[in-house]
file coords.txt (compact mmCIF, C-alpha atoms)
# COMPACT_ATOMS: atom_id res chain seq x y z
CA MET H 15 149.75 73.29 89.62
CA SER H 16 148.63 73.61 86.07
CA ILE H 17 145.34 72.02 86.96
CA LEU H 18 144.73 74.67 89.58
CA VAL H 19 145.48 77.46 87.10
CA THR H 20 143.12 75.92 84.57
CA LEU H 21 140.45 75.56 87.24
CA GLN H 22 140.87 79.22 88.19
CA GLU H 23 140.56 80.30 84.55
CA VAL H 24 137.45 78.21 83.92
CA LEU H 25 135.82 79.36 87.16
CA SER H 26 136.49 83.00 86.34
CA TRP H 27 135.04 82.55 82.84
CA ILE H 28 131.91 80.99 84.29
CA LEU H 29 131.54 83.79 86.82
CA ILE H 30 132.07 86.53 84.22
CA LEU H 31 129.58 85.00 81.80
CA ALA H 32 127.01 84.50 84.57
CA GLY H 33 127.48 88.09 85.70
CA ALA H 34 127.06 89.45 82.18
CA PHE H 35 123.96 87.27 81.79
CA PHE H 36 122.41 88.67 84.97
CA VAL H 37 123.24 92.24 83.95
CA LEU H 38 121.58 91.72 80.58
CA VAL H 39 118.53 90.01 82.10
CA GLY H 40 118.08 92.83 84.59
CA ALA H 41 118.23 95.43 81.82
CA ILE H 42 115.69 93.50 79.73
CA GLY H 43 113.41 93.31 82.75
CA THR H 44 113.82 97.05 83.31
CA VAL H 45 112.58 97.64 79.77
CA ARG H 46 109.77 95.12 79.69
CA PHE H 47 108.16 95.19 83.14
CA PRO H 48 104.90 97.15 83.24
CA ASP H 49 105.25 99.09 86.46
CA PHE H 50 107.80 101.06 88.43
CA TRP H 51 107.48 98.70 91.38
CA ALA H 52 108.10 95.70 89.14
CA ARG H 53 111.07 97.41 87.52
CA LEU H 54 112.70 97.78 90.94
CA HIS H 55 113.09 94.00 91.12
CA ALA H 56 114.76 93.77 87.72
CA ALA H 57 117.08 96.64 88.55
CA SER H 58 118.11 94.91 91.78
CA VAL H 59 118.98 91.71 89.90
CA SER H 60 121.23 93.65 87.56
CA ASP H 61 122.60 95.77 90.38
CA SER H 62 123.55 93.12 92.93
CA ALA H 63 123.87 89.67 91.38
CA GLY H 64 125.42 90.63 88.05
CA MET H 65 127.84 93.11 89.57
CA ILE H 66 129.05 90.74 92.29
CA LEU H 67 129.56 87.83 89.88
CA LEU H 68 131.42 90.00 87.38
CA PHE H 69 133.76 91.45 89.99
CA LEU H 70 134.40 88.00 91.50
CA GLY H 71 135.31 86.67 88.06
CA MET H 72 137.60 89.59 87.32
CA ALA H 73 139.28 89.25 90.75
CA LEU H 74 139.93 85.57 89.98
CA GLN H 75 141.54 86.62 86.70
CA ALA H 76 143.70 89.21 88.44
CA GLY H 77 145.04 86.89 91.15
CA PHE H 78 146.79 88.30 94.23
CA SER H 79 147.62 91.83 93.18
CA LEU H 80 146.66 95.46 93.63
CA VAL H 81 144.03 95.08 90.92
CA ALA H 82 142.20 92.48 93.00
CA VAL H 83 142.23 94.84 95.98
CA LYS H 84 140.74 97.63 93.86
CA LEU H 85 138.09 95.25 92.53
CA ALA H 86 137.23 94.19 96.08
CA ILE H 87 136.90 97.83 97.18
CA ILE H 88 134.61 98.68 94.25
CA GLY H 89 132.57 95.53 94.81
CA ALA H 90 132.13 96.19 98.53
CA PHE H 91 131.11 99.80 97.88
CA LEU H 92 128.58 98.85 95.21
CA PHE H 93 127.31 96.04 97.43
CA LEU H 94 126.50 98.61 100.11
CA THR H 95 125.26 101.51 97.99
CA GLY H 96 123.22 99.66 95.35
CA PRO H 97 120.45 98.45 97.67
CA THR H 98 120.62 101.75 99.55
CA SER H 99 119.95 103.85 96.48
CA THR H 100 117.25 101.43 95.31
CA HIS H 101 115.58 101.75 98.69
CA ALA H 102 115.89 105.54 98.55
CA THR H 103 114.25 105.58 95.11
CA ALA H 104 111.40 103.34 96.27
CA ASN H 105 110.89 105.38 99.42
CA ALA H 106 110.78 108.65 97.47
CA ALA H 107 108.28 107.18 95.01
CA LEU H 108 106.08 105.92 97.85
CA VAL H 109 106.16 109.26 99.66
CA SER H 110 105.31 111.16 96.50
CA GLY H 111 102.13 109.13 96.07
CA LEU H 112 103.04 106.59 93.40
CA ARG H 113 101.17 103.36 93.98
CA PRO H 114 101.33 99.92 92.36
CA LYS H 115 98.90 99.39 89.52
CA GLU H 116 97.18 96.29 90.80
CA ALA H 117 96.39 97.56 94.29
CA GLU H 118 95.37 101.14 93.72
CA GLY H 119 94.12 102.69 96.93
CA LEU H 120 95.20 99.80 99.14
CA THR H 121 97.46 101.80 101.41
CA GLY H 122 97.56 101.30 105.14
CA ALA H 123 96.34 104.78 105.96
CA GLU H 124 93.20 104.39 103.94
CA LEU H 125 92.42 100.94 105.26
CA ARG H 126 92.11 102.42 108.74
CA ASN H 127 89.01 104.17 107.52
CA LYS H 128 86.21 101.79 108.42
CA ASP H 129 83.73 102.08 105.57
CA THR H 130 86.35 102.01 102.83
CA ALA H 131 87.86 98.93 104.46
CA GLN H 132 84.49 97.25 104.35
CA ALA H 133 84.11 98.25 100.75
CA ILE H 134 87.42 96.66 99.83
CA GLU H 135 87.70 93.58 102.00
CA PRO H 136 84.86 91.30 100.80
CA ASP H 137 85.81 92.01 97.21
CA GLY H 138 89.45 91.14 97.82
CA ALA H 139 88.55 87.99 99.73
CA LYS H 140 86.45 86.69 96.88
CA ASP H 141 88.74 87.60 94.02
CA PRO H 142 92.44 87.76 94.96
CA GLY H 143 93.54 88.37 91.37
CA ALA H 144 91.67 91.64 91.09
CA MET Z 28 137.31 86.46 73.82
CA ILE Z 29 135.38 86.04 77.03
CA TYR Z 30 135.81 89.71 77.80
CA THR Z 31 134.50 90.66 74.37
CA ILE Z 32 131.33 88.66 74.97
CA ALA Z 33 130.86 90.12 78.45
CA ALA Z 34 131.53 93.67 77.25
CA THR Z 35 129.02 93.26 74.42
CA MET Z 36 126.35 91.98 76.79
CA VAL Z 37 126.93 94.83 79.22
CA LEU Z 38 126.85 97.32 76.34
CA ILE Z 39 123.48 95.95 75.17
CA ALA Z 40 122.25 96.21 78.77
CA MET Z 41 123.40 99.84 78.86
CA LEU Z 42 121.48 100.61 75.68
CA LEU Z 43 118.31 99.01 77.08
CA THR Z 44 118.71 101.03 80.28
CA LEU Z 45 119.09 104.17 78.17
CA TYR Z 46 115.79 103.34 76.51
CA ARG Z 47 114.11 103.14 79.91
CA LEU Z 48 115.83 106.37 80.89
CA PHE Z 49 114.35 108.27 77.96
CA ALA Z 50 110.96 106.54 77.87
CA GLY Z 51 110.29 106.22 81.60
CA PRO Z 52 106.81 107.47 82.36
CA THR Z 53 107.56 108.74 85.85
CA LEU Z 54 110.50 110.55 87.39
CA TYR Z 55 111.40 107.57 89.55
CA ASP Z 56 111.75 105.31 86.54
CA ARG Z 57 114.33 107.72 85.23
CA VAL Z 58 116.17 107.92 88.55
CA LEU Z 59 116.24 104.12 88.70
CA ALA Z 60 117.55 103.97 85.14
CA VAL Z 61 120.27 106.55 85.87
CA ASN Z 62 121.39 104.55 88.90
CA LEU Z 63 121.41 101.32 86.92
CA PHE Z 64 123.27 102.97 84.06
CA GLY Z 65 125.95 104.15 86.47
CA THR Z 66 126.42 100.64 87.84
CA HIS Z 67 126.62 99.28 84.29
CA THR Z 68 129.22 101.91 83.48
CA VAL Z 69 131.37 100.89 86.47
CA VAL Z 70 131.19 97.25 85.39
CA PHE Z 71 131.90 98.16 81.77
CA ILE Z 72 134.99 100.21 82.70
CA GLY Z 73 136.32 97.22 84.65
CA ILE Z 74 135.71 94.81 81.79
CA LEU Z 75 137.27 97.26 79.34
CA GLY Z 76 140.43 97.41 81.43
CA PHE Z 77 140.77 93.64 81.34
CA LEU Z 78 139.86 93.55 77.65
CA THR Z 79 142.71 95.84 76.70
CA GLY Z 80 145.09 94.08 79.08
CA ARG Z 81 145.69 97.19 81.16
CA PRO Z 82 143.45 97.10 84.24
CA ASP Z 83 144.48 100.58 85.35
CA PHE Z 84 141.08 102.14 84.74
CA LEU Z 85 139.73 100.73 87.99
CA ASP Z 86 140.44 103.97 89.80
CA ILE Z 87 138.08 105.69 87.38
CA ALA Z 88 135.51 102.98 88.02
CA LEU Z 89 135.80 103.49 91.77
CA LEU Z 90 135.37 107.24 91.37
CA TYR Z 91 132.37 106.67 89.13
CA ALA Z 92 130.76 104.39 91.73
CA LEU Z 93 131.18 107.04 94.43
CA ILE Z 94 129.76 109.83 92.28
CA ASN Z 95 126.88 107.64 91.10
CA PHE Z 96 125.59 107.01 94.60
CA VAL Z 97 125.89 110.65 95.64
CA ALA Z 98 124.17 111.78 92.42
CA THR Z 99 121.21 109.44 92.93
CA VAL Z 100 120.64 110.61 96.49
CA ALA Z 101 121.06 114.25 95.45
CA ILE Z 102 118.52 113.94 92.62
CA LEU Z 103 115.98 112.31 94.94
CA LYS Z 104 116.55 114.94 97.60
CA PHE Z 105 116.19 117.77 95.11
CA PHE Z 106 112.91 116.53 93.72
CA ARG Z 107 111.49 115.98 97.19
CA TYR Z 108 112.52 119.25 98.82
CA ARG Z 109 113.21 121.42 95.74
CA ALA Z 110 116.59 122.28 97.26
CA ILE Z 111 119.91 120.51 97.63
CA GLY Z 112 121.51 122.24 100.56
CA ASP Z 113 119.72 123.58 103.60
CA VAL Z 114 116.33 121.94 103.84
CA GLY Z 115 116.13 121.65 107.61
CA ARG Z 116 114.97 125.19 108.32
CA THR Z 117 111.47 125.13 106.88
CA PRO Z 118 109.42 121.99 107.40
CA ILE Z 119 107.93 120.35 104.36
CA ARG Z 120 104.35 121.14 105.35
CA LYS Z 121 104.89 124.86 104.98
CA ARG Z 122 106.52 124.93 101.59
CA LYS Z 123 104.55 124.58 98.43
CA SER Z 124 106.63 122.16 96.48
CA ALA Z 125 105.30 120.11 93.63
CA SER Z 126 105.80 116.82 95.40
CA ARG Z 127 103.34 117.73 98.11
CA ARG Z 128 100.67 118.68 95.64
CA ILE Z 129 100.42 115.16 94.25
CA LYS Z 130 97.41 113.62 95.85
CA LEU Z 131 97.02 110.01 96.77
CA PRO Z 132 94.89 108.01 94.37
CA LYS Z 133 91.28 107.81 95.43
CA ILE Z 134 89.65 104.54 96.29
CA ARG Z 135 87.14 103.37 93.76
CA LYS Z 136 84.02 102.60 95.73
CA ARG Z 137 82.50 99.45 94.39
CA ALA Z 138 79.18 97.99 95.41
CA LYS Z 139 79.35 94.63 97.14
CA ASP Z 140 77.08 92.80 94.69
CA SER Z 141 79.05 93.86 91.62
CA GLY Z 142 82.32 92.42 92.91
CA GLY Z 143 82.16 88.97 91.37
CA LYS Z 144 83.49 88.57 87.89

call {"tool": "encode", "arguments": {"input": "coords.txt", "output": "structure tokens"}}
result
Amino acid sequence: MSILVTLQEVLSWILILAGAFFVLVGAIGTVRFPDFWARLHAASVSDSAGMILLFLGMALQAGFSLVAVKLAIIGAFLFLTGPTSTHATANAALVSGLRPKEAEGLTGAELRNKDTAQAIEPDGAKDPGA
Amino acid sequence: MIYTIAATMVLIAMLLTLYRLFAGPTLYDRVLAVNLFGTHTVVFIGILGFLTGRPDFLDIALLYALINFVATVAILKFFRYRAIGDVGRTPIRKRKSASRRIKLPKIRKRAKDSGGK
């Protein structure tokens, strides 16, 4: 029985430290990435992975109690609303005309125009990094 | 001990997110930073409850999570329609809001022979 308790403690420590690591890494990525569209990825790491690991670790520490139920409710709610609000932010940015830096002008609506598509396509086929 | 380390890491993450909130070049960077800061606050309240040995603050964390989501959606809706409440009456084409005046970036027309680097 004592082995199980020790295993639970160690597992919860690992989960909490991993969650805090992911939260910190996501925040560092939010500061250092060059573009809004790149920052979305870092924010999602911090928002989903770090939060879930932290709440799992804290629920393991709490055991079977009301606190674990509250943690599960908060975790489920954040699990649903985090990607939703990230998607809403990305959608609003796209609608307002913000475009990624590397592919400026490469939207679907403008590629339907024939002569601009011809102006873009051979260049992009030759040099994918541009 | 483990909670102190986790709380410190989350606090550093909150400070970095605050930097992005104040320095974000566009509006959407700031909205993203506000959303992320709210999630960090929920996590930090939970850790703080376990750190002090009284995990009774989780109700506040739950309330904060609810308000955070609603606030993000409300901010985005306000800056798209310039109104929070009744936006269904007038379609977006007829109103002169600032978000419609932003034009899409123009395509740089490059000659075919100057493409190779």

call {"tool": "closest_residue", "arguments": {"input": "coords.txt", "among": "H:Val59, H:Ala76, H:Leu38, H:Leu67", "to": "chain Z", "atoms": "only C-alpha atoms"}}
result
H:Leu38

call {"tool": "residues_around", "arguments": {"input": "coords.txt", "residues": "Val70 of chain Z", "least_positions_apart": "4", "cutoff": "12 Å", "atoms": "only C-alpha atoms", "output": "PyMOL selection string"}}
result
(chain H and resi 30+33-34+37+60-62+64-72+85+88-89+92) or (chain Z and resi 30+33-38+40-41+63-66+74-77+84-85+87-89+91-92)

call {"tool": "closest_residue", "arguments": {"input": "coords.txt", "among": "H:Ala73, H:Ala102, H:Leu31, H:Leu80", "to": "Met28 of chain Z", "atoms": "all atoms listed in the file"}}
result
H:Leu31

call {"tool": "atom_distance", "arguments": {"input": "coords.txt", "atom1": "atom CA of Phe91 of chain H", "atom2": "atom CA of Lys104 of chain Z"}}
result
21.0 Å

call {"tool": "atom_distance", "arguments": {"input": "coords.txt", "atom1": "atom CA of Leu18 of chain H", "atom2": "atom CA of Ala86 of chain H"}}
result
21.9 Å

call {"tool": "closest_residue", "arguments": {"input": "coords.txt", "among": "H:Pro97, H:His55, H:Ala107, H:Phe78", "to": "chain Z", "atoms": "only C-alpha atoms"}}
result
H:Ala107

call {"tool": "atom_distance", "arguments": {"input": "coords.txt", "atom1": "atom CA of Gly73 of chain Z", "atom2": "atom CA of Val45 of chain H"}}
result
24.2 Å

call {"tool": "closest_residue", "arguments": {"input": "coords.txt", "among": "Z:Ile39, Z:Leu78, Z:Leu48, Z:Asp86", "to": "Ile87 of chain H", "atoms": "all atoms listed in the file"}}
result
Z:Asp86

call {"tool": "residues_around", "arguments": {"input": "coords.txt", "residues": "Ala106 of chain H", "least_positions_apart": "6", "cutoff": "10 Å", "atoms": "all atoms listed in the file", "output": "NGL selection string"}}
result
(:H and (100 or 112)) or (:Z and (55 or 103-104 or 106-107 or 126))

call {"tool": "closest_residue", "arguments": {"input": "coords.txt", "among": "H:Gln75, H:Thr20, H:Ser110, H:Thr98", "to": "Val100 of chain Z", "atoms": "only C-alpha atoms"}}
result
H:Thr98

call {"tool": "residues_around", "arguments": {"input": "coords.txt", "residues": "Arg57 of chain Z", "least_positions_apart": "5", "cutoff": "12 Å", "atoms": "all atoms listed in the file", "output": "list in words"}}
result
Thr44, Val45, Phe50, Arg53, Leu54, Ala57, Thr103 and Ala107 of chain H; Thr44, Leu45, Tyr46, Arg47, Leu48, Phe49, Ala50, Gly51, Pro52, Asn62, Leu63, Phe64, Thr99, Ile102 and Leu103 of chain Z

call {"tool": "closest_residue", "arguments": {"input": "coords.txt", "among": "H:Trp27, H:Ala56, H:Ser16, H:Phe47", "to": "chain Z", "atoms": "only C-alpha atoms"}}
result
H:Trp27

call {"tool": "decode", "arguments": {"input": "coords.txt", "residues": "segment 36-69 of chain H", "atoms": "N, CA, C and O atoms", "output": "PDB file, in the first residue's frame"}}
result
ATOM      1  N   PHE H  36       5.789  22.899 -19.726  1.00  0.00           N
ATOM      2  CA  PHE H  36       5.097  23.228 -20.977  1.00  0.00           C
ATOM      3  C   PHE H  36       4.508  24.634 -20.933  1.00  0.00           C
ATOM      4  O   PHE H  36       4.523  25.351 -21.935  1.00  0.00           O
ATOM      5  N   VAL H  37       4.006  25.034 -19.760  1.00  0.00           N
ATOM      6  CA  VAL H  37       3.469  26.393 -19.629  1.00  0.00           C
ATOM      7  C   VAL H  37       4.575  27.421 -19.868  1.00  0.00           C
ATOM      8  O   VAL H  37       4.402  28.397 -20.619  1.00  0.00           O
ATOM      9  N   LEU H  38       5.738  27.165 -19.279  1.00  0.00           N
ATOM     10  CA  LEU H  38       6.846  28.108 -19.441  1.00  0.00           C
ATOM     11  C   LEU H  38       7.346  28.144 -20.880  1.00  0.00           C
ATOM     12  O   LEU H  38       7.627  29.221 -21.425  1.00  0.00           O
ATOM     13  N   VAL H  39       7.423  26.964 -21.504  1.00  0.00           N
ATOM     14  CA  VAL H  39       7.904  26.906 -22.894  1.00  0.00           C
ATOM     15  C   VAL H  39       6.936  27.624 -23.838  1.00  0.00           C
ATOM     16  O   VAL H  39       7.360  28.358 -24.742  1.00  0.00           O
ATOM     17  N   GLY H  40       5.640  27.449 -23.588  1.00  0.00           N
ATOM     18  CA  GLY H  40       4.661  28.145 -24.416  1.00  0.00           C
ATOM     19  C   GLY H  40       4.754  29.652 -24.269  1.00  0.00           C
ATOM     20  O   GLY H  40       4.640  30.391 -25.246  1.00  0.00           O
ATOM     21  N   ALA H  41       4.994  30.122 -23.036  1.00  0.00           N
ATOM     22  CA  ALA H  41       5.121  31.570 -22.834  1.00  0.00           C
ATOM     23  C   ALA H  41       6.379  32.107 -23.495  1.00  0.00           C
ATOM     24  O   ALA H  41       6.371  33.189 -24.095  1.00  0.00           O
ATOM     25  N   ILE H  42       7.488  31.346 -23.417  1.00  0.00           N
ATOM     26  CA  ILE H  42       8.719  31.782 -24.084  1.00  0.00           C
ATOM     27  C   ILE H  42       8.513  31.841 -25.596  1.00  0.00           C
ATOM     28  O   ILE H  42       8.942  32.790 -26.262  1.00  0.00           O
ATOM     29  N   GLY H  43       7.815  30.835 -26.129  1.00  0.00           N
ATOM     30  CA  GLY H  43       7.524  30.859 -27.555  1.00  0.00           C
ATOM     31  C   GLY H  43       6.619  32.023 -27.941  1.00  0.00           C
ATOM     32  O   GLY H  43       6.778  32.615 -29.008  1.00  0.00           O
ATOM     33  N   THR H  44       5.678  32.373 -27.057  1.00  0.00           N
ATOM     34  CA  THR H  44       4.818  33.524 -27.344  1.00  0.00           C
ATOM     35  C   THR H  44       5.623  34.805 -27.407  1.00  0.00           C
ATOM     36  O   THR H  44       5.307  35.709 -28.168  1.00  0.00           O
ATOM     37  N   VAL H  45       6.687  34.902 -26.614  1.00  0.00           N
ATOM     38  CA  VAL H  45       7.511  36.112 -26.670  1.00  0.00           C
ATOM     39  C   VAL H  45       8.421  36.095 -27.886  1.00  0.00           C
ATOM     40  O   VAL H  45       8.557  37.097 -28.585  1.00  0.00           O
ATOM     41  N   ARG H  46       8.996  34.934 -28.221  1.00  0.00           N
ATOM     42  CA  ARG H  46      10.102  34.941 -29.167  1.00  0.00           C
ATOM     43  C   ARG H  46       9.712  34.677 -30.615  1.00  0.00           C
ATOM     44  O   ARG H  46      10.513  34.954 -31.508  1.00  0.00           O
ATOM     45  N   PHE H  47       8.524  34.134 -30.867  1.00  0.00           N
ATOM     46  CA  PHE H  47       8.188  33.823 -32.255  1.00  0.00           C
ATOM     47  C   PHE H  47       7.930  35.106 -33.035  1.00  0.00           C
ATOM     48  O   PHE H  47       7.467  36.094 -32.482  1.00  0.00           O
ATOM     49  N   PRO H  48       8.231  35.110 -34.340  1.00  0.00           N
ATOM     50  CA  PRO H  48       8.250  36.375 -35.076  1.00  0.00           C
ATOM     51  C   PRO H  48       6.889  36.856 -35.550  1.00  0.00           C
ATOM     52  O   PRO H  48       6.762  38.007 -35.948  1.00  0.00           O
ATOM     53  N   ASP H  49       5.889  35.998 -35.553  1.00  0.00           N
ATOM     54  CA  ASP H  49       4.676  36.298 -36.284  1.00  0.00           C
ATOM     55  C   ASP H  49       3.478  35.933 -35.430  1.00  0.00           C
ATOM     56  O   ASP H  49       3.581  35.115 -34.523  1.00  0.00           O
ATOM     57  N   PHE H  50       2.345  36.534 -35.719  1.00  0.00           N
ATOM     58  CA  PHE H  50       1.142  36.168 -34.962  1.00  0.00           C
ATOM     59  C   PHE H  50       0.765  34.716 -35.197  1.00  0.00           C
ATOM     60  O   PHE H  50       0.384  34.003 -34.274  1.00  0.00           O
ATOM     61  N   TRP H  51       0.894  34.261 -36.440  1.00  0.00           N
ATOM     62  CA  TRP H  51       0.482  32.901 -36.774  1.00  0.00           C
ATOM     63  C   TRP H  51       1.414  31.885 -36.153  1.00  0.00           C
ATOM     64  O   TRP H  51       1.000  30.751 -35.885  1.00  0.00           O
ATOM     65  N   ALA H  52       2.659  32.247 -35.945  1.00  0.00           N
ATOM     66  CA  ALA H  52       3.575  31.347 -35.242  1.00  0.00           C
ATOM     67  C   ALA H  52       3.304  31.363 -33.746  1.00  0.00           C
ATOM     68  O   ALA H  52       3.444  30.342 -33.069  1.00  0.00           O
ATOM     69  N   ARG H  53       2.899  32.534 -33.243  1.00  0.00           N
ATOM     70  CA  ARG H  53       2.625  32.622 -31.803  1.00  0.00           C
ATOM     71  C   ARG H  53       1.404  31.819 -31.405  1.00  0.00           C
ATOM     72  O   ARG H  53       1.270  31.419 -30.248  1.00  0.00           O
ATOM     73  N   LEU H  54       0.475  31.589 -32.351  1.00  0.00           N
ATOM     74  CA  LEU H  54      -0.690  30.760 -32.052  1.00  0.00           C
ATOM     75  C   LEU H  54      -0.278  29.359 -31.613  1.00  0.00           C
ATOM     76  O   LEU H  54      -0.855  28.798 -30.686  1.00  0.00           O
ATOM     77  N   HIS H  55       0.752  28.812 -32.269  1.00  0.00           N
ATOM     78  CA  HIS H  55       1.201  27.462 -31.928  1.00  0.00           C
ATOM     79  C   HIS H  55       1.733  27.415 -30.500  1.00  0.00           C
ATOM     80  O   HIS H  55       1.384  26.528 -29.725  1.00  0.00           O
ATOM     81  N   ALA H  56       2.564  28.385 -30.162  1.00  0.00           N
ATOM     82  CA  ALA H  56       3.144  28.408 -28.818  1.00  0.00           C
ATOM     83  C   ALA H  56       2.066  28.590 -27.756  1.00  0.00           C
ATOM     84  O   ALA H  56       2.083  27.942 -26.702  1.00  0.00           O
ATOM     85  N   ALA H  57       1.082  29.436 -28.060  1.00  0.00           N
ATOM     86  CA  ALA H  57       0.004  29.647 -27.102  1.00  0.00           C
ATOM     87  C   ALA H  57      -0.811  28.374 -26.912  1.00  0.00           C
ATOM     88  O   ALA H  57      -1.274  28.084 -25.807  1.00  0.00           O
ATOM     89  N   SER H  58      -0.978  27.584 -27.982  1.00  0.00           N
ATOM     90  CA  SER H  58      -1.739  26.348 -27.857  1.00  0.00           C
ATOM     91  C   SER H  58      -1.005  25.322 -27.002  1.00  0.00           C
ATOM     92  O   SER H  58      -1.637  24.583 -26.242  1.00  0.00           O
ATOM     93  N   VAL H  59       0.329  25.277 -27.130  1.00  0.00           N
ATOM     94  CA  VAL H  59       1.116  24.371 -26.281  1.00  0.00           C
ATOM     95  C   VAL H  59       0.889  24.707 -24.817  1.00  0.00           C
ATOM     96  O   VAL H  59       0.580  23.844 -23.988  1.00  0.00           O
ATOM     97  N   SER H  60       0.994  25.989 -24.501  1.00  0.00           N
ATOM     98  CA  SER H  60       0.829  26.408 -23.110  1.00  0.00           C
ATOM     99  C   SER H  60      -0.602  26.221 -22.652  1.00  0.00           C
ATOM    100  O   SER H  60      -0.856  25.937 -21.481  1.00  0.00           O
ATOM    101  N   ASP H  61      -1.536  26.344 -23.587  1.00  0.00           N
ATOM    102  CA  ASP H  61      -2.948  26.354 -23.233  1.00  0.00           C
ATOM    103  C   ASP H  61      -3.480  24.947 -23.003  1.00  0.00           C
ATOM    104  O   ASP H  61      -4.260  24.724 -22.082  1.00  0.00           O
ATOM    105  N   SER H  62      -3.079  24.006 -23.839  1.00  0.00           N
ATOM    106  CA  SER H  62      -3.641  22.660 -23.745  1.00  0.00           C
ATOM    107  C   SER H  62      -2.757  21.720 -22.937  1.00  0.00           C
ATOM    108  O   SER H  62      -3.163  21.196 -21.909  1.00  0.00           O
ATOM    109  N   ALA H  63      -1.528  21.519 -23.416  1.00  0.00           N
ATOM    110  CA  ALA H  63      -0.668  20.488 -22.821  1.00  0.00           C
ATOM    111  C   ALA H  63      -0.302  20.821 -21.379  1.00  0.00           C
ATOM    112  O   ALA H  63      -0.475  19.998 -20.478  1.00  0.00           O
ATOM    113  N   GLY H  64       0.171  22.045 -21.149  1.00  0.00           N
ATOM    114  CA  GLY H  64       0.593  22.410 -19.802  1.00  0.00           C
ATOM    115  C   GLY H  64      -0.563  22.385 -18.817  1.00  0.00           C
ATOM    116  O   GLY H  64      -0.424  21.867 -17.698  1.00  0.00           O
ATOM    117  N   MET H  65      -1.711  22.914 -19.261  1.00  0.00           N
ATOM    118  CA  MET H  65      -2.866  22.969 -18.358  1.00  0.00           C
ATOM    119  C   MET H  65      -3.345  21.570 -17.997  1.00  0.00           C
ATOM    120  O   MET H  65      -3.594  21.276 -16.818  1.00  0.00           O
ATOM    121  N   ILE H  66      -3.429  20.680 -18.998  1.00  0.00           N
ATOM    122  CA  ILE H  66      -3.940  19.327 -18.727  1.00  0.00           C
ATOM    123  C   ILE H  66      -2.997  18.575 -17.799  1.00  0.00           C
ATOM    124  O   ILE H  66      -3.428  17.938 -16.827  1.00  0.00           O
ATOM    125  N   LEU H  67      -1.687  18.681 -18.058  1.00  0.00           N
ATOM    126  CA  LEU H  67      -0.727  17.962 -17.203  1.00  0.00           C
ATOM    127  C   LEU H  67      -0.753  18.487 -15.776  1.00  0.00           C
ATOM    128  O   LEU H  67      -0.718  17.710 -14.811  1.00  0.00           O
ATOM    129  N   LEU H  68      -0.853  19.808 -15.624  1.00  0.00           N
ATOM    130  CA  LEU H  68      -0.886  20.385 -14.275  1.00  0.00           C
ATOM    131  C   LEU H  68      -2.130  19.956 -13.511  1.00  0.00           C
ATOM    132  O   LEU H  68      -2.048  19.579 -12.329  1.00  0.00           O
ATOM    133  N   PHE H  69      -3.278  19.969 -14.191  1.00  0.00           N
ATOM    134  CA  PHE H  69      -4.500  19.594 -13.476  1.00  0.00           C
ATOM    135  C   PHE H  69      -4.536  18.097 -13.175  1.00  0.00           C
ATOM    136  O   PHE H  69      -5.071  17.682 -12.141  1.00  0.00           O
TER     137      PHE H  69
END
